[in-house]
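Read through the structure below, which is laid out as structure tokens, and then see the notes.
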Amino acid sequence: MDRETTLTLLNKVGVLPLFYHGDIEIAKEVINASYRGGARAFEFTNRGDNAFTVFTELVAYTKESLPGLSMGIGTIYDAETAQKFIEAGADFIVTPCLNPAVGEACEAANIPWIPGVSTLTEIYNAQQAGAEVVKLFPGDVVGSKFIRAIRGPMPNVKIMVTGGVQPTAESINEWFGAGAYAVGLGSNLFPKDIIGEGNYAWIEQKVAESIALVAKFRETI
């Protein structure tokens with residue numbers, strides 16, 4: 001998927017599910033449920049020994065079975081790892097911190113790089129390094145007031161908030177009201193007990209509800 005389409009989907013839908021599991025079948029079920037719920041970008045996180053193998057299989061599966069889904073990889077720290085996942089078919093890369101070398105690898109591949117930031121200086125440096133969207137992390141620690149405050153000196157910055165976002169009207173309205181470009185949702189969309197029960201219908205519903213809350217908020221502004 002091309003760069004601009006991925007970034008447009010991220011903003012249009014507003015919700016980026018993020019998830020890791022070492023079992024390929026469980027990962028497929030979670031992505032299927034998210035897709036049925038309306039997600040059109042998905043971040044598989046590089047948080048287990050089996051992450052690369054599972055991701056490679058997921059890319060092949062989603063390209064064939066889930067049209068229009070942008071498949072990204074998260075928790076990438078260095079350019080070498082980024083390049084490996086780019087070659088495996090990643091449509092975008094999310095990093096927990098700011099490493100311009102990862103940005104260079106993404107630029108060469110013409111895919112979005114979404115680096116983690118938590119200060120004004122990091123946001124500026126990320127933009128200078130080519131990031132079109134930055135990830136505010138951890139969102140619940142930094143707070144929504146931070147986004148409002150930087151609108152003065154940085155009115156055009158595009159911020160995806162990850163960490164502490166809840167799939168509730170209160171939380172969605174808080175972050176998008178502050179000016180978020182999108183939000184990333186992980187454990188609050190994919191509780192361990194729900195995954196353990198194989199209750200993928202619950203996940204589908206929760207993803208759909210979260211996306212609907214974003215759309216409802218935008219209708220009011």
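So you can find residues: chains in the structure tokens are A, B, ... in the order shown, residues in each start at 1, and ligands are numbered from 1 in order.
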Considering only C-alpha atoms, give me a table of residues in stretch 116-200 of chain A that are at most 8 Å from stretch 7-25 of chain A, with the closest atom pair and distance in Å for each, as JSON lines.
{"residue": "A:Tyr181", "atom": "CA", "partner": "A:Asn11", "partner_atom": "CA", "distance": 5.7}
{"residue": "A:Ala182", "atom": "CA", "partner": "A:Gly14", "partner_atom": "CA", "distance": 4.4}
{"residue": "A:Val183", "atom": "CA", "partner": "A:Val15", "partner_atom": "CA", "distance": 5.2}
{"residue": "A:Gly184", "atom": "CA", "partner": "A:Leu16", "partner_atom": "CA", "distance": 4.6}
{"residue": "A:Leu185", "atom": "CA", "partner": "A:Pro17", "partner_atom": "CA", "distance": 5.0}
{"residue": "A:Gly186", "atom": "CA", "partner": "A:Leu18", "partner_atom": "CA", "distance": 4.8}
{"residue": "A:Ser187", "atom": "CA", "partner": "A:Phe19", "partner_atom": "CA", "distance": 7.7}
{"residue": "A:Leu189", "atom": "CA", "partner": "A:Pro17", "partner_atom": "CA", "distance": 7.4}
{"residue": "A:Phe190", "atom": "CA", "partner": "A:Phe19", "partner_atom": "CA", "distance": 7.5}
Kindly save the residues from that selection, with N, CA, C and O atoms included, as a compact mmCIF listing (two decimals), in the first residue's frame.
# COMPACT_ATOMS: atom_id res chain seq x y z
N TYR A 181 -4.57 13.18 15.75
CA TYR A 181 -4.72 12.75 14.35
C TYR A 181 -5.32 11.36 14.30
O TYR A 181 -6.08 11.02 13.40
N ALA A 182 -4.95 10.54 15.30
CA ALA A 182 -5.44 9.18 15.44
C ALA A 182 -5.07 8.69 16.83
O ALA A 182 -4.33 9.37 17.55
N VAL A 183 -5.58 7.53 17.21
CA VAL A 183 -5.20 6.93 18.49
C VAL A 183 -4.84 5.46 18.26
O VAL A 183 -5.43 4.79 17.40
N GLY A 184 -3.88 4.98 19.02
CA GLY A 184 -3.52 3.58 19.00
C GLY A 184 -4.09 2.88 20.22
O GLY A 184 -3.98 3.39 21.33
N LEU A 185 -4.73 1.74 20.00
CA LEU A 185 -5.35 1.00 21.10
C LEU A 185 -4.83 -0.43 21.11
O LEU A 185 -4.88 -1.12 20.09
N GLY A 186 -4.34 -0.86 22.26
CA GLY A 186 -3.80 -2.20 22.39
C GLY A 186 -4.57 -3.06 23.36
O GLY A 186 -5.60 -3.64 23.02
N SER A 187 -4.09 -3.14 24.59
CA SER A 187 -4.67 -4.05 25.58
C SER A 187 -6.13 -3.74 25.89
O SER A 187 -6.88 -4.63 26.28
N LEU A 189 -8.33 -2.97 23.74
CA LEU A 189 -9.14 -3.61 22.69
C LEU A 189 -9.02 -5.12 22.72
O LEU A 189 -9.90 -5.83 22.25
N PHE A 190 -7.90 -5.58 23.28
CA PHE A 190 -7.59 -7.01 23.25
C PHE A 190 -7.24 -7.55 24.63
O PHE A 190 -6.11 -7.98 24.87
Next on the checklist: Give me, as a PyMOL selection string, the residues of stretch 9-198 of chain A that a backbone DSSP run labels strand (DSSP E).
Outcome noted: chain A and resi 15-19+41-45+70-74+92-95+113-117+134-136+159-162+182-185
Next on the checklist: Could you list, as a VMD selection string, every residue within 12 Å of A:Gly198, counting only C-alpha atoms and ignoring same-chain residues fewer than 3 positions away?
Outcome noted: chain A and resid 25 to 30 33 190 to 195 201 to 204
Item to check | Near-stretch 73-83 of chain A list (12 Å; only C-alpha atoms; drop same-chain fewer than 2 positions) as a ChimeraX atom specification | outcome: /A:16-20,41-48,51-52,54-56,58-59,70-71,85-109,111-116,135,137,162,184,186
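Minimum atom-to-atom distance to A:Gly130, evaluated using only C-alpha atoms, belongs to A:Asn110 out of A:Gln166, A:Asn110, A:Asn173, A:Asn156.
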